[in-house]
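Note: the block below is query.tsv and it holds TSV, C-alpha atoms.
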```
chain	number	residue	atom	x	y	z
N	798	MET	CA	90.20	4.29	-69.44
N	799	ILE	CA	90.59	3.54	-65.76
N	800	ASP	CA	94.13	2.40	-66.51
N	801	ILE	CA	94.94	5.90	-67.69
N	802	LEU	CA	93.15	7.80	-64.94
N	803	LEU	CA	94.36	5.85	-61.93
N	804	GLU	CA	97.89	5.66	-60.67
N	805	ASN	CA	99.24	2.11	-60.29
N	806	ASP	CA	98.80	1.96	-56.54
N	807	ILE	CA	95.18	3.13	-56.67
N	808	LYS	CA	94.47	0.90	-59.69
N	809	SER	CA	95.74	-2.10	-57.73
N	810	TYR	CA	93.41	-1.25	-54.83
N	811	VAL	CA	90.44	-1.03	-57.20
N	812	GLU	CA	91.29	-4.36	-58.83
N	813	ASN	CA	91.35	-6.05	-55.41
N	814	SER	CA	87.85	-4.80	-54.60
N	815	LYS	CA	85.12	-7.44	-54.23
N	816	THR	CA	83.11	-5.49	-56.78
N	817	ARG	CA	84.31	-5.57	-60.38
N	818	ILE	CA	84.50	-1.96	-61.53
N	819	VAL	CA	84.05	-1.01	-65.17
N	820	PHE	CA	84.82	2.64	-65.88
N	821	GLY	CA	84.36	4.54	-69.13
N	822	TRP	CA	82.19	6.75	-71.28
N	823	GLU	CA	79.07	4.95	-72.60
N	824	LYS	CA	80.15	1.66	-70.99
N	825	SER	CA	76.56	1.32	-69.75
N	826	LEU	CA	75.51	0.56	-73.33
N	827	GLU	CA	77.51	-2.68	-73.08
N	828	ILE	CA	75.16	-3.91	-70.34
N	829	ARG	CA	74.11	-7.08	-72.16
N	830	SER	CA	77.70	-8.31	-72.47
N	831	TYR	CA	78.18	-7.86	-68.71
N	832	ILE	CA	74.96	-9.72	-67.96
N	833	ASP	CA	76.14	-12.61	-70.12
N	834	ARG	CA	79.46	-12.58	-68.27
N	835	VAL	CA	77.69	-12.79	-64.90
N	836	ILE	CA	75.67	-15.79	-66.09
N	837	ARG	CA	78.78	-17.61	-67.36
N	838	GLU	CA	80.76	-16.99	-64.19
N	839	LEU	CA	78.04	-17.87	-61.69
N	840	GLN	CA	76.02	-20.60	-63.35
N	841	GLN	CA	78.20	-23.36	-61.87
N	842	TYR	CA	77.48	-22.07	-58.34
N	843	LEU	CA	74.01	-20.56	-58.59
N	844	TYR	CA	71.06	-21.05	-60.91
N	845	ILE	CA	69.97	-17.59	-62.00
N	846	GLY	CA	68.60	-18.02	-65.51
N	847	ASP	CA	68.83	-15.07	-67.87
N	848	GLN	CA	65.94	-12.93	-66.60
N	849	VAL	CA	66.67	-9.33	-65.66
N	850	PHE	CA	64.90	-7.07	-63.18
N	851	LEU	CA	65.69	-3.40	-63.87
N	852	LEU	CA	65.14	-0.93	-61.05
N	853	ILE	CA	65.55	2.57	-62.44
N	854	ASP	CA	64.97	6.14	-61.33
N	855	ARG	CA	61.66	7.24	-62.84
N	856	SER	CA	63.07	10.60	-63.94
N	857	LEU	CA	65.48	8.81	-66.29
N	858	THR	CA	62.78	7.08	-68.32
N	859	GLU	CA	62.21	10.15	-70.51
N	860	THR	CA	65.87	10.75	-71.32
N	861	ASP	CA	67.93	9.95	-74.40
N	862	PHE	CA	70.16	7.82	-72.18
N	863	TYR	CA	67.24	5.56	-71.22
N	864	SER	CA	66.00	5.04	-74.77
N	865	LYS	CA	69.45	3.88	-75.88
N	866	PHE	CA	70.13	1.87	-72.72
N	867	ILE	CA	66.87	-0.09	-72.81
N	868	LYS	CA	67.49	-1.14	-76.43
N	869	LYS	CA	70.89	-2.54	-75.46
N	870	LEU	CA	69.49	-4.22	-72.34
N	871	GLY	CA	66.90	-6.20	-74.26
N	872	ASN	CA	64.24	-8.29	-72.51
N	873	ALA	CA	63.78	-7.22	-68.88
N	874	GLU	CA	61.10	-6.30	-66.39
N	875	VAL	CA	61.38	-2.57	-65.79
N	876	PHE	CA	60.35	-1.05	-62.48
N	877	PRO	CA	60.57	2.78	-62.51
N	878	CYS	CA	60.88	4.11	-58.97
N	879	GLU	CA	60.91	7.56	-57.42
N	880	CYS	CA	62.13	7.79	-53.84
N	881	GLN	CA	64.46	9.74	-51.58
N	882	ASN	CA	65.79	8.15	-48.39
N	883	PRO	CA	63.97	4.85	-49.14
N	884	GLY	CA	62.13	3.10	-46.35
N	885	LEU	CA	60.75	-0.35	-45.71
N	886	MET	CA	57.49	0.44	-47.50
N	887	ASP	CA	59.42	1.40	-50.62
N	888	LEU	CA	61.37	-1.85	-50.38
N	889	ALA	CA	58.23	-3.94	-49.93
N	890	GLU	CA	56.66	-2.37	-53.03
N	891	VAL	CA	59.70	-3.11	-55.19
N	892	PHE	CA	60.14	-6.63	-53.86
N	893	ALA	CA	56.48	-7.44	-54.56
N	894	ALA	CA	57.27	-6.88	-58.23
N	895	TYR	CA	60.59	-8.71	-58.09
N	896	ARG	CA	59.44	-11.87	-56.32
N	897	LYS	CA	57.29	-13.02	-59.27
N	898	SER	CA	60.47	-14.75	-60.37
N	899	ARG	CA	63.22	-14.58	-57.77
N	900	GLN	CA	66.08	-16.08	-59.73
N	901	ARG	CA	66.82	-12.96	-61.68
N	902	ILE	CA	69.74	-10.62	-62.15
N	903	VAL	CA	69.10	-7.28	-60.48
N	904	VAL	CA	70.22	-4.16	-62.35
N	905	GLY	CA	69.99	-0.83	-60.53
N	906	VAL	CA	70.26	2.44	-62.46
N	907	GLY	CA	70.01	5.77	-60.64
N	908	GLY	CA	71.26	7.63	-57.61
N	909	GLY	CA	72.20	6.35	-54.17
N	910	SER	CA	68.61	5.59	-53.10
N	911	ILE	CA	67.98	3.38	-56.15
N	912	MET	CA	71.25	1.53	-55.60
N	913	ASP	CA	70.43	0.93	-51.93
N	914	LEU	CA	67.04	-0.51	-52.93
N	915	ALA	CA	68.69	-2.74	-55.54
N	916	LYS	CA	71.15	-4.07	-52.96
N	917	ALA	CA	68.34	-4.79	-50.53
N	918	ILE	CA	66.36	-6.66	-53.20
N	919	ALA	CA	69.38	-8.82	-54.10
N	920	GLY	CA	69.96	-9.60	-50.43
N	921	TRP	CA	66.33	-10.25	-49.51
N	922	ALA	CA	65.76	-12.54	-52.50
N	923	TYR	CA	68.47	-14.93	-51.32
N	924	HIS	CA	67.86	-14.53	-47.57
N	925	PRO	CA	64.08	-14.21	-46.93
N	926	GLY	CA	64.72	-13.48	-43.24
N	927	PHE	CA	67.00	-10.60	-44.15
N	928	ILE	CA	64.22	-8.03	-43.70
N	929	PRO	CA	62.55	-6.55	-41.67
N	930	ALA	CA	65.03	-7.55	-38.97
N	931	PHE	CA	67.73	-6.66	-41.52
N	932	PRO	CA	70.82	-8.00	-39.74
N	933	ARG	CA	74.09	-7.17	-41.41
N	934	ILE	CA	74.73	-9.81	-44.04
N	935	SER	CA	78.38	-10.78	-44.15
N	936	GLU	CA	80.09	-9.93	-47.41
N	937	GLY	CA	81.00	-13.60	-47.61
N	938	LEU	CA	77.37	-14.75	-47.87
N	939	PRO	CA	75.84	-15.08	-51.33
N	940	CYS	CA	73.14	-12.88	-52.81
N	941	TYR	CA	71.56	-12.75	-56.23
N	942	PRO	CA	73.87	-11.10	-58.78
N	943	LEU	CA	73.68	-7.35	-58.74
N	944	ILE	CA	74.82	-4.87	-61.39
N	945	LEU	CA	74.78	-1.16	-60.50
N	946	ILE	CA	75.01	1.83	-62.83
N	947	PRO	CA	75.16	5.20	-61.03
N	948	THR	CA	73.71	8.23	-62.80
N	949	MET	CA	75.19	10.78	-60.39
N	950	ALA	CA	78.73	11.14	-59.09
N	951	GLY	CA	78.03	11.12	-55.37
N	952	THR	CA	77.67	8.43	-52.74
N	953	GLY	CA	79.97	5.84	-54.31
N	954	SER	CA	77.30	3.31	-53.31
N	955	GLU	CA	78.01	1.45	-56.53
N	956	VAL	CA	81.33	0.20	-55.12
N	957	THR	CA	80.38	-0.33	-51.45
N	958	PRO	CA	78.37	-3.07	-49.71
N	959	TYR	CA	76.54	-0.60	-47.43
N	960	ILE	CA	72.76	-0.15	-47.50
N	961	PHE	CA	71.20	2.90	-45.86
N	962	MET	CA	67.44	2.82	-45.46
N	963	THR	CA	65.01	4.37	-43.04
N	964	ASP	CA	61.95	3.29	-41.20
N	965	LYS	CA	60.33	6.70	-41.65
N	966	GLN	CA	57.92	6.34	-38.75
N	967	GLY	CA	60.70	5.71	-36.26
N	968	CYS	CA	63.50	7.40	-38.23
N	969	ARG	CA	65.50	4.21	-37.79
N	970	VAL	CA	68.57	3.79	-39.93
N	971	ILE	CA	69.13	0.23	-41.13
N	972	ASN	CA	72.40	-1.16	-42.35
N	973	GLY	CA	73.17	-4.14	-44.56
N	974	LEU	CA	76.21	-5.49	-46.33
N	975	VAL	CA	75.48	-6.56	-49.92
N	976	PRO	CA	78.34	-6.02	-52.39
N	977	PRO	CA	77.49	-5.42	-56.07
N	978	TYR	CA	78.91	-8.01	-58.46
N	979	ILE	CA	79.68	-5.49	-61.20
N	980	SER	CA	79.62	-1.70	-61.08
N	981	ILE	CA	79.48	0.10	-64.44
N	982	VAL	CA	80.63	3.66	-63.80
N	983	ASP	CA	79.64	5.61	-66.89
N	984	PRO	CA	79.87	9.44	-66.68
N	985	TRP	CA	77.44	9.83	-69.59
N	986	PRO	CA	74.16	9.43	-67.60
N	987	SER	CA	75.28	12.17	-65.19
N	988	LEU	CA	74.62	14.66	-68.02
N	989	THR	CA	70.93	14.21	-67.18
N	990	SER	CA	71.49	15.61	-63.66
N	991	MET	CA	70.12	19.04	-62.80
N	992	HIS	CA	72.43	21.70	-61.36
N	993	TYR	CA	71.46	21.13	-57.73
N	994	GLN	CA	71.68	17.33	-58.15
N	995	THR	CA	75.23	17.63	-59.45
N	996	LEU	CA	76.14	19.91	-56.56
N	997	TYR	CA	74.62	17.76	-53.80
N	998	ALA	CA	76.04	14.55	-55.26
N	999	SER	CA	79.55	16.02	-55.32
N	1000	MET	CA	79.11	17.33	-51.79
N	1001	THR	CA	78.33	13.77	-50.71
N	1002	ALA	CA	81.53	12.41	-52.26
N	1003	PHE	CA	83.52	15.32	-50.81
N	1004	ALA	CA	82.16	14.88	-47.26
N	1005	HIS	CA	82.57	11.09	-47.33
N	1006	SER	CA	86.18	11.51	-48.45
N	1007	ILE	CA	86.91	13.98	-45.64
N	1008	GLU	CA	85.44	11.61	-43.07
N	1009	ALA	CA	87.18	8.53	-44.47
N	1010	LEU	CA	90.48	10.43	-44.42
N	1011	VAL	CA	90.32	10.95	-40.63
N	1012	SER	CA	88.49	7.72	-39.73
N	1013	LYS	CA	89.88	5.65	-36.87
N	1014	ASN	CA	90.25	2.77	-39.34
N	1015	ALA	CA	91.99	4.81	-42.03
N	1016	THR	CA	94.99	3.23	-43.74
N	1017	PRO	CA	97.61	4.66	-46.13
N	1018	GLU	CA	95.62	3.09	-48.98
N	1019	THR	CA	92.26	4.63	-48.01
N	1020	ASP	CA	93.99	7.96	-47.29
N	1021	LYS	CA	95.36	7.99	-50.82
N	1022	LEU	CA	91.92	7.26	-52.29
N	1023	ALA	CA	90.18	9.89	-50.16
N	1024	PHE	CA	92.77	12.58	-50.81
N	1025	ARG	CA	92.66	12.00	-54.56
N	1026	ALA	CA	88.84	12.18	-54.54
N	1027	ILE	CA	88.92	15.51	-52.69
N	1028	GLU	CA	91.45	16.90	-55.14
N	1029	LEU	CA	89.41	15.85	-58.18
N	1030	ILE	CA	86.22	17.41	-56.77
N	1031	LEU	CA	87.90	20.72	-55.97
N	1032	ILE	CA	89.32	20.98	-59.49
N	1033	ASN	CA	86.36	19.73	-61.52
N	1034	LEU	CA	83.14	20.63	-59.70
N	1035	PRO	CA	83.30	24.36	-60.55
N	1036	LYS	CA	83.86	23.47	-64.22
N	1037	VAL	CA	80.80	21.22	-64.34
N	1038	LEU	CA	78.57	23.68	-62.47
N	1039	LYS	CA	79.44	26.36	-65.01
N	1040	ASN	CA	79.14	24.02	-68.00
N	1041	LYS	CA	76.76	21.08	-67.59
N	1042	GLY	CA	78.22	19.34	-70.63
N	1043	HIS	CA	81.86	19.52	-69.54
N	1044	ILE	CA	82.89	15.98	-70.54
N	1045	GLU	CA	86.27	15.85	-68.81
N	1046	GLY	CA	84.85	17.38	-65.63
N	1047	ARG	CA	81.98	14.85	-65.54
N	1048	THR	CA	84.44	12.01	-66.05
N	1049	MET	CA	86.66	13.17	-63.21
N	1050	LEU	CA	83.71	13.66	-60.84
N	1051	SER	CA	82.57	10.10	-61.60
N	1052	LEU	CA	86.08	8.90	-60.82
N	1053	ALA	CA	86.06	10.89	-57.57
N	1054	SER	CA	82.80	9.19	-56.59
N	1055	VAL	CA	84.39	5.75	-57.09
N	1056	LEU	CA	87.44	6.71	-55.06
N	1057	ALA	CA	85.28	8.19	-52.29
N	1058	GLY	CA	83.21	5.01	-52.17
N	1059	LEU	CA	86.31	2.82	-51.95
N	1060	SER	CA	87.83	5.01	-49.24
N	1061	ALA	CA	84.64	4.59	-47.19
N	1062	LYS	CA	85.85	1.07	-46.40
N	1063	ALA	CA	87.74	2.82	-43.59
N	1064	GLY	CA	84.43	3.99	-42.15
N	1065	LEU	CA	82.92	7.45	-42.04
N	1066	GLY	CA	82.04	9.65	-39.06
N	1067	LEU	CA	79.54	11.86	-37.29
N	1068	ALA	CA	78.60	13.95	-40.32
N	1069	ALA	CA	77.29	10.91	-42.22
N	1070	CYS	CA	75.55	9.53	-39.12
N	1071	MET	CA	73.84	12.86	-38.40
N	1072	ALA	CA	72.82	13.57	-41.99
N	1073	LEU	CA	70.98	10.25	-42.20
N	1074	GLN	CA	68.65	11.35	-39.40
N	1075	ILE	CA	67.21	14.43	-41.12
N	1076	HIS	CA	64.63	13.46	-43.73
N	1077	ASN	CA	62.91	15.40	-46.51
N	1078	ILE	CA	66.19	17.17	-47.29
N	1079	PRO	CA	68.65	15.85	-49.89
N	1080	TYR	CA	71.33	13.80	-48.18
N	1081	GLY	CA	74.16	15.66	-49.91
N	1082	LEU	CA	72.76	19.02	-48.79
N	1083	ILE	CA	72.32	18.18	-45.12
N	1084	LEU	CA	75.68	16.39	-45.11
N	1085	SER	CA	77.42	19.54	-46.35
N	1086	LEU	CA	75.61	21.68	-43.74
N	1087	VAL	CA	76.74	19.39	-40.92
N	1088	LEU	CA	80.31	18.79	-42.14
N	1089	PRO	CA	82.03	22.05	-41.03
N	1090	PHE	CA	80.75	21.65	-37.47
N	1091	VAL	CA	81.94	18.04	-37.29
N	1092	ILE	CA	85.34	19.06	-38.67
N	1093	GLU	CA	85.61	21.70	-35.96
N	1094	TYR	CA	84.61	19.14	-33.33
N	1095	ASN	CA	87.33	16.71	-34.53
N	1096	GLU	CA	89.96	19.40	-35.09
N	1097	ALA	CA	92.23	18.60	-32.15
N	1098	LEU	CA	92.72	14.99	-33.25
N	1099	CYS	CA	92.94	15.56	-37.01
N	1100	ARG	CA	94.88	18.77	-37.36
N	1101	GLU	CA	97.62	17.37	-39.60
N	1102	LYS	CA	95.31	15.79	-42.18
N	1103	TYR	CA	92.93	18.74	-42.11
N	1104	GLU	CA	95.84	21.06	-42.83
N	1105	ILE	CA	96.82	19.00	-45.87
N	1106	VAL	CA	93.28	19.31	-47.24
N	1107	ASN	CA	93.13	23.01	-46.37
N	1108	ASN	CA	96.26	23.64	-48.45
N	1109	LEU	CA	94.45	22.36	-51.56
N	1110	PHE	CA	92.27	25.48	-51.61
N	1111	ILE	CA	93.53	28.61	-53.34
N	1112	TYR	CA	91.58	30.87	-50.98
N	1113	ARG	CA	91.75	29.43	-47.50
N	1114	GLY	CA	91.46	30.39	-43.88
N	1115	GLU	CA	93.49	29.22	-40.92
N	1116	GLU	CA	91.12	26.33	-40.20
N	1117	LEU	CA	89.60	23.86	-42.65
N	1118	SER	CA	86.07	24.32	-41.28
N	1119	GLY	CA	86.09	28.02	-42.17
N	1120	THR	CA	87.64	27.40	-45.58
N	1121	ILE	CA	84.98	24.85	-46.43
N	1122	GLN	CA	82.17	27.16	-45.34
N	1123	ASN	CA	83.52	29.87	-47.66
N	1124	TRP	CA	83.79	27.35	-50.49
N	1125	PHE	CA	80.23	26.13	-49.88
N	1126	ASN	CA	79.06	29.75	-49.93
N	1127	TYR	CA	80.76	30.23	-53.29
N	1128	LEU	CA	79.18	27.08	-54.74
N	1129	GLY	CA	75.71	28.10	-53.56
N	1130	VAL	CA	75.23	25.38	-50.98
N	1131	TYR	CA	73.78	27.86	-48.48
N	1132	SER	CA	71.21	29.27	-50.91
N	1133	PHE	CA	69.01	26.18	-51.02
N	1134	ASP	CA	65.29	25.93	-51.67
N	1135	GLY	CA	62.84	27.33	-49.13
N	1136	ILE	CA	61.02	24.03	-48.54
N	1137	TYR	CA	64.27	22.47	-47.35
N	1138	ARG	CA	64.78	25.36	-44.93
N	1139	LYS	CA	61.31	24.79	-43.53
N	1140	ASN	CA	61.95	21.07	-43.09
N	1141	LEU	CA	65.25	21.79	-41.36
N	1142	GLU	CA	63.60	24.27	-38.99
N	1143	MET	CA	60.86	21.75	-38.14
N	1144	PHE	CA	63.51	19.19	-37.23
N	1145	LEU	CA	65.58	21.61	-35.13
N	1146	HIS	CA	62.54	22.79	-33.18
N	1147	SER	CA	61.48	19.26	-32.22
N	1148	GLU	CA	63.09	18.17	-28.97
N	1149	TYR	CA	61.88	14.62	-29.59
N	1150	CYS	CA	63.54	14.45	-33.04
N	1151	ILE	CA	66.81	15.82	-31.71
N	1152	ARG	CA	66.89	13.36	-28.80
N	1153	LEU	CA	65.91	10.35	-30.91
N	1154	SER	CA	68.36	11.29	-33.66
N	1155	ALA	CA	71.23	11.63	-31.18
N	1156	GLN	CA	70.54	8.10	-29.94
N	1157	LEU	CA	70.34	6.73	-33.49
N	1158	VAL	CA	73.64	8.38	-34.42
N	1159	MET	CA	75.31	6.29	-31.73
N	1160	ASP	CA	73.71	3.13	-33.17
N	1161	ASN	CA	75.07	3.76	-36.66
N	1162	ILE	CA	77.93	1.60	-37.90
N	1163	HIS	CA	80.00	4.69	-38.76
N	1164	TYR	CA	79.72	6.24	-35.30
N	1165	VAL	CA	82.58	4.16	-33.89
N	1166	THR	CA	85.04	5.30	-36.57
N	1167	ASN	CA	84.67	9.01	-35.86
N	1168	PRO	CA	88.05	10.22	-34.54
N	1169	ALA	CA	86.72	12.11	-31.50
N	1170	ILE	CA	84.82	10.32	-28.75
N	1171	THR	CA	81.37	11.80	-28.24
N	1172	ASP	CA	78.19	11.28	-26.28
N	1173	GLU	CA	74.51	12.02	-26.69
N	1174	GLU	CA	74.77	15.56	-25.32
N	1175	ALA	CA	77.63	16.46	-27.67
N	1176	ILE	CA	75.68	15.14	-30.65
N	1177	LYS	CA	72.65	17.22	-29.66
N	1178	ASN	CA	74.85	20.31	-29.54
N	1179	LEU	CA	76.17	19.52	-33.01
N	1180	PHE	CA	72.61	19.33	-34.28
N	1181	PHE	CA	71.81	22.66	-32.61
N	1182	SER	CA	74.83	24.17	-34.41
N	1183	LEU	CA	72.75	24.00	-37.59
N	1184	HIS	CA	70.88	27.05	-36.27
N	1185	THR	CA	73.98	29.09	-37.09
N	1186	ILE	CA	74.50	28.09	-40.74
N	1187	PRO	CA	74.92	31.17	-42.95
N	1188	LEU	CA	71.77	30.85	-45.05
N	1189	GLN	CA	71.70	33.12	-48.08
N	1190	ALA	CA	69.31	34.07	-50.83
N	1191	GLN	CA	69.72	32.59	-54.29
N	1192	LYS	CA	72.57	34.18	-56.20
N	1193	ARG	CA	74.16	33.82	-59.56
N	1194	TYR	CA	76.91	31.20	-59.64
N	1195	GLY	CA	80.40	32.33	-60.51
N	1196	GLU	CA	80.70	35.65	-58.65
N	1197	LEU	CA	83.91	34.43	-57.07
N	1198	MET	CA	86.74	32.28	-58.34
N	1199	PHE	CA	88.27	29.52	-56.22
```
So that I can check it, write out the structure of this file as structure tokens.
Amino acid sequence: MIDILLENDIKSYVENSKTRIVFGWEKSLEIRSYIDRVIRELQQYLYIGDQVFLLIDRSLTETDFYSKFIKKLGNAEVFPCECQNPGLMDLAEVFAAYRKSRQRIVVGVGGGSIMDLAKAIAGWAYHPGFIPAFPRISEGLPCYPLILIPTMAGTGSEVTPYIFMTDKQGCRVINGLVPPYISIVDPWPSLTSMHYQTLYASMTAFAHSIEALVSKNATPETDKLAFRAIELILINLPKVLKNKGHIEGRTMLSLASVLAGLSAKAGLGLAACMALQIHNIPYGLILSLVLPFVIEYNEALCREKYEIVNNLFIYRGEELSGTIQNWFNYLGVYSFDGIYRKNLEMFLHSEYCIRLSAQLVMDNIHYVTNPAITDEEAIKNLFFSLHTIPLQAQKRYGELMF
């Protein structure tokens, strides 16, 4: 199916990725055949046995997808997990279960947080000193084989080596580099996503694509991937939000997530760095709130690419930042749950959090690829810009047509 969906130049880029990407409806049900393939290919280099450790989002365990998937998976230790913005304590809990038998294949099924935990487990199992110091493991170093199956079309974490975790006491973002061995991108599990999960996941892919497009390390290849991801999201997200079971739309959003993840090889920017500092709010939500202000900040250096993206919208303003805010308003991004508003206000009214977060933004690996040079004071001002977001009450989706 990926042969049909991807143009030859993009298909070639995907095939050259260090992660083998399998794309197609219900491909996740072929999990056992991919596990057997991993064992055959790696057994001459690494003893791994045939044991499987499944890390899965707890909310999936009561779905029709899970009941069918677990039958196909066969014998495995299952660890249901529920976490958002995972920290070191979450990792320690999961690894305590995993280390009973280290030489196992790790399978991660869920959203970005689950996939980050699965990567960290695969890296820690092979390199015991990997955590808590958590230096960046080179992509060339081995780790235990890792198979990822995303259930939401968002971060693209399934095709990247990046790990984003937080030490919640110090709000410290930690980065690792552990590439998955195989990524099974199956749009079917995304049918289990709730409306807001679909929205925030797509906002993540959209924002990452925008930032990769204007990254200092962007190339013609990553530009093509990012631009195509943006285009697919603009066309298909409204369809899926109106009709949860829109098969073609779900498929295209899953494809956009893959392309966004691959484009992130160019690096991201300030929006991603800032969003990682604000906890107890979905990453995709806070990322979309920050994005228009970062776009405006980078405008002078990225005008040409921003204009190309702006022209993709049917209803658009003169500047991309304004167009995106109007589009977010239409999608309902600004009418989010009250508890998230309270958490955002608590963050913005803490001088300590703002100051610490500004420093941590500059320590993030994606800070250096933001197109505009910035400093701590400028980052603080960008955080303070969140006071001006056009919050709105809940409204019925579909009042406007973009």
Just the residues within 7 Å of segment 986-996 of chain N, please, counting all atoms listed in the file, with nothing from its chain fewer than 6 positions along; format it as a VMD selection string.
chain N and resid 862 948 to 949 1038 1041 to 1042
Identify which of the residues N:Gln1156, N:Asn1126, N:Asn1040, N:Asn1161 lies closest to Glu1174 of chain N, counting all atoms listed in the file when measuring atom-to-atom distances.
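Comparing N:Gln1156, N:Asn1126, N:Asn1040, N:Asn1161 against Glu1174 of chain N, the winner is N:Gln1156.
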Taking (72.0, 10.8, -45.7) in the file's coordinates, which residues come within 8 Å, counting all atoms listed in the file, written as a ChimeraX atom specification?
/N:882,961,1069-1075,1079-1081,1083-1084
Can you work out the spacing between atom CA of Ile902 of chain N and atom CA of Leu1052 of chain N in Å, to one decimal?
25.5 Å
Please list as a list in words every residue within 9 Å of Ser1051 of chain N, counting all atoms listed in the file and excluding residues in the same chain fewer than 5 positions away.
Phe820, Pro947, Met949, Ala950, Gly951, Gly953, Val982, Asp983, Pro984, Ser987, Gly1046 and Leu1056 of chain N
Of the candidates N:Thr1048, N:Ser1132, N:Thr1171, N:Asn872, which shows the shortest atom-to-atom distance to Val849 of chain N, using all atoms listed in the file?
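Distance minimum relative to Val849 of chain N lands on N:Asn872.
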At a cut-off of 9 Å, using only C-alpha atoms, what residues contact Lys1177 of chain N? Leave out same-chain residues fewer than 5 positions from it and give the result as a PyMOL selection string.
chain N and resi 1151-1152+1154-1155+1172+1182
For Val819 of chain N: contacts at 9 Å, all atoms listed in the file, fewer than 5 positions along chain excluded, given as a list in words:
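Here the answer would be Ile799, Lys824, Ile979, Ser980, Ile981, Val982 and Asp983 of chain N.
Going from atom CA of Asn1167 of chain N to atom CA of Gly884 of chain N covers 25.6 Å.
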Here's a test: counting all atoms listed in the file, identify every protein, DNA and RNA residue with an atom at most 12 Å from (65.8, 11.5, -54.2) in the file's coordinate frame, and state them as a tab-separated table (two decimals) with C-alpha atoms, in the coordinates of the input.
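Saved the output as out-v5.tsv:
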```tsv
chain	number	residue	atom	x	y	z
N	854	ASP	CA	64.97	6.14	-61.33
N	855	ARG	CA	61.66	7.24	-62.84
N	856	SER	CA	63.07	10.60	-63.94
N	878	CYS	CA	60.88	4.11	-58.97
N	879	GLU	CA	60.91	7.56	-57.42
N	880	CYS	CA	62.13	7.79	-53.84
N	881	GLN	CA	64.46	9.74	-51.58
N	882	ASN	CA	65.79	8.15	-48.39
N	883	PRO	CA	63.97	4.85	-49.14
N	907	GLY	CA	70.01	5.77	-60.64
N	908	GLY	CA	71.26	7.63	-57.61
N	909	GLY	CA	72.20	6.35	-54.17
N	910	SER	CA	68.61	5.59	-53.10
N	911	ILE	CA	67.98	3.38	-56.15
N	912	MET	CA	71.25	1.53	-55.60
N	913	ASP	CA	70.43	0.93	-51.93
N	949	MET	CA	75.19	10.78	-60.39
N	990	SER	CA	71.49	15.61	-63.66
N	993	TYR	CA	71.46	21.13	-57.73
N	994	GLN	CA	71.68	17.33	-58.15
N	997	TYR	CA	74.62	17.76	-53.80
N	998	ALA	CA	76.04	14.55	-55.26
N	1076	HIS	CA	64.63	13.46	-43.73
N	1077	ASN	CA	62.91	15.40	-46.51
N	1078	ILE	CA	66.19	17.17	-47.29
N	1079	PRO	CA	68.65	15.85	-49.89
N	1080	TYR	CA	71.33	13.80	-48.18
N	1081	GLY	CA	74.16	15.66	-49.91
N	1082	LEU	CA	72.76	19.02	-48.79
```
For a test of reading the model, state the distance in Å between atom CA of Tyr1131 of chain N and atom CA of Leu1145 of chain N, rounded to one decimal.
16.9 Å
What lies within 7 Å of segment 888-898 of chain N using all atoms listed in the file, ignoring chain neighbours under 3 positions off, as number ranges by chain?
N: 850, 884-885, 901, 914, 918
